[in-house]
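All remarks here apply to the structure that follows.
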Amino acid sequence: MARYDRAITVFSPDGHLFQVEYALEAVRKGNAAVGVRGTDTVVLAVEKKSTPKLQDSRSARKIVSLDNHIALACAGLKADARVLINKARIECQSHRLTLEDPVTVEYITRYIAGLQQKYTQSGGVRPFGLSTLIVGFDPYTRIPALYQTDPSGTFSAWKANATGRNSNSIREFLEKNYKESSGQETVKLAIRALLEVVESGGKNIEVAVMTREEEGVLKQLEEEEIDIIVAEIEAEKAAAEAAKKGPAKET
Amino acid sequence: MVAADSRASMGGYISSQSVKKIIEINPYMLGTMAGGAADCQFWHRNLGIKCRLHALANKRRISVSGASKLLANMLYSYRGMGLSVGTMIAGWDETGPGLYYVDNEGGRLKGDRFSVGSGSPYAYGVLDSGYKYDMSVEETSELARRSIYHATFRDGASGGVASVYHVGPEGWTKLSGDDVEELHYHYYPVAPAIAEQVMEEATAE
């Protein structure tokens with residue numbers, strides 16, 4: 001009978017946990033994901049590699065809901081994601097049962113991060129190879145929130161963040177262009193950020209939106225809706241370019 | 001509004017007239033004691049610990065429904081092992097005032113008014129006949145006081161001091177603690193006897 005008590009994630013002489021760092025590599029190879037928090041809206045946008053023609057795209061959704069008021073997107077190993085999401089969904093219901101209240105976004109993020117940490121300090125297991133972006137509205141206070149977790153088990157709250165492929169360039173874009181927004185502006189910011197690294201078009205992006213008015217509803221945008229917004233963004237970009245070039249010509 | 005007496009008895013022997021039956025779980029939540037004194041005290045204290053840990057972990061106070069559920073689940077896990085707890089958890093949270101009845105069988109009920117303990121039927125009579133949802137604080141505290149008094153009048157296992165606490169948005173405050181003997185003469189004053197009257201007249205002249 002094989003023994004599963006030997007630790008796999010152990011320290012290196014200079015204080016690194018190589019398994020965790022390798023897990024972060026797996027995240028860096030995963031598809032890009034962006035999350036933006038507005039004053040009354042939260043948005044998740046994920047890069048969608050071309051769907052094979054015969055695949056049922058609905059079964060390969062990259063943005064999932066953990067409860068009515070919480071949604072999650074991740075970058076990295078999708079099979080690991082499934083396990084983590086299932087455990088998180090159970091915890092959401094368990095919390096409702098014992099505390100008679102829905103979870104806060106921070107609570108479920110802490111739970112997921114705790115799970116990820118546990119797997120860096122247990123015998124016979126490897127860390128989860130994914131970083132998650134968790135959005136939602138807290139019950140009662142209805143404050144929107146965006147959190148990120150990573151394979152090491154750390155988590156923090158963000159106004160806007162990205163993970164997965166080219167997340168550094170997306171984050172740079174967000175830092176330059178972030179401002180407090182609401183409603184459709186928040187959605188546009190998320191899509192604009194993702195378009196920095198993803199080929200333009202509705203069929204390459206999956207977007208989900210949750211607003212405070214309809215906080216029990218995670219709206220997955222249709223391809224056509226995304227195309228319309230992308231077209232708007234392109235138009236705005238073109239107008240900005242023209243405005244830059246315009247005055248120069250006159251002088 | 002939360003009120004309780006203060007008598008503890010061991011069979012026919014009154015072991016104490018000054019028991020604190022209203023337990024302060026934290027500054028905004030109260031629990032009442034009925035049944036086994038040790039069981040109630042211990043489990044309320046334990047609940048206070050759990051509530052504090054929840055607030056530290058989640059950076060916000062636990063709700064009254066959550067706290068009462070924690071207690072009910074704990075008691076349910078000891079079901080059949082002889083615990084004797086009949087308690088009410090009263091407090092104030094984000095959703096407003098909350099009142100729950102929890103017992104040693106793991107039962108948990110939400111309600112607007114409860115009466116628990118050996119003297120509870122007598123208290124219910126007074127409570128139910130005088131209760132309205134929109135009473136003022138003074139009216140309600142008087143109703144609570146009277147309910148306890150009437151329970152102590154008829155039930156041998158109830159007596160001592162009738163304490164009344166008010167639970168508001170800022171937390172609980174103790175309103176009064178009256179000896180039920182004094183309350184009796186307050187509600188039912190005794191007219192002075194003839195002899196005393198004559199004595200007074202004589203000295204007045």
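Order determines the names: the first chain of the structure tokens is A, the second B, and so forth; residues in each chain are numbered 1 upward, and ligands are numbered 1 upward as they are shown.
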Q.
With 10 Å as the limit and counting only C-alpha atoms, what residues in chain B lie close to chain A? Please list them as a VMD selection string.
A. chain B and resid 57 to 59 62 to 70 72 to 73 94 to 95
(Q) Quick one: residues within 12 Å of Gly160 of chain B, only C-alpha atoms, excluding same-chain residues fewer than 2 positions away - as a ChimeraX atom specification? (A) /B:4-9,14-21,148-149,151-153,155-158,162-163,177-184
Q: Write out as a PyMOL selection string all residues of segment 18-129 of chain B that DSSP puts in alpha helix (DSSP H) for this structure's backbone.
A: chain B and resi 37-58+64-77+120-129
Print the selection's residues with C-alpha atoms to a file, as a short mmCIF file (atom, residue, chain, number, x, y, z; two decimals), in the first residue's frame.
data_model
loop_
_atom_site.label_atom_id
_atom_site.label_comp_id
_atom_site.auth_asym_id
_atom_site.auth_seq_id
_atom_site.Cartn_x
_atom_site.Cartn_y
_atom_site.Cartn_z
CA ALA B 37 -28.00 26.45 35.51
CA ALA B 38 -24.58 24.96 34.77
CA ASP B 39 -25.57 23.85 31.29
CA CYS B 40 -26.98 27.27 30.43
CA GLN B 41 -24.03 29.18 31.82
CA PHE B 42 -21.45 26.98 30.12
CA TRP B 43 -23.07 26.88 26.70
CA HIS B 44 -23.81 30.59 26.66
CA ARG B 45 -20.20 31.31 27.52
CA ASN B 46 -19.15 28.91 24.78
CA LEU B 47 -21.49 30.67 22.35
CA GLY B 48 -19.90 33.99 23.31
CA ILE B 49 -16.51 32.59 22.36
CA LYS B 50 -17.82 31.38 19.00
CA CYS B 51 -19.45 34.76 18.31
CA ARG B 52 -16.20 36.58 19.07
CA LEU B 53 -14.18 34.25 16.82
CA HIS B 54 -16.71 34.81 14.03
CA ALA B 55 -16.41 38.58 14.39
CA LEU B 56 -12.61 38.39 14.32
CA ALA B 57 -12.55 36.14 11.26
CA ASN B 58 -15.22 37.94 9.27
CA VAL B 64 -28.72 36.79 15.88
CA SER B 65 -30.01 34.03 13.60
CA GLY B 66 -26.46 32.80 13.06
CA ALA B 67 -25.62 32.83 16.78
CA SER B 68 -28.82 31.03 17.73
CA LYS B 69 -28.18 28.47 15.00
CA LEU B 70 -24.66 27.82 16.29
CA LEU B 71 -26.10 27.18 19.76
CA ALA B 72 -28.92 25.00 18.45
CA ASN B 73 -26.52 22.88 16.39
CA MET B 74 -24.19 22.46 19.37
CA LEU B 75 -27.06 21.36 21.61
CA TYR B 76 -28.40 19.02 18.93
CA SER B 77 -25.09 17.21 18.82
CA SER B 120 -43.70 30.25 31.85
CA PRO B 121 -47.43 29.45 31.61
CA TYR B 122 -48.22 32.15 34.17
CA ALA B 123 -45.96 34.61 32.42
CA TYR B 124 -47.53 33.79 29.04
CA GLY B 125 -50.97 34.67 30.39
CA VAL B 126 -49.93 38.18 31.31
CA LEU B 127 -47.60 38.59 28.33
CA ASP B 128 -50.07 37.49 25.68
CA SER B 129 -52.93 39.56 27.03
#
Q: Just the strand (DSSP E or B) stuff from segment 9-202 of chain B, please, per backbone DSSP, written as a PyMOL selection string.
A: chain B and resi 9-10+13-16+22-26+29-32+35+85-93+96-103+108-110+161-168+171-179
Q: Considering only C-alpha atoms, return as number ranges by chain whatever protein or nucleic-acid residues lie within 8 Å of Ile191 of chain A, sequence-local ones (same chain, fewer than 6 positions apart) excluded.
A: A: 45, 207, 230
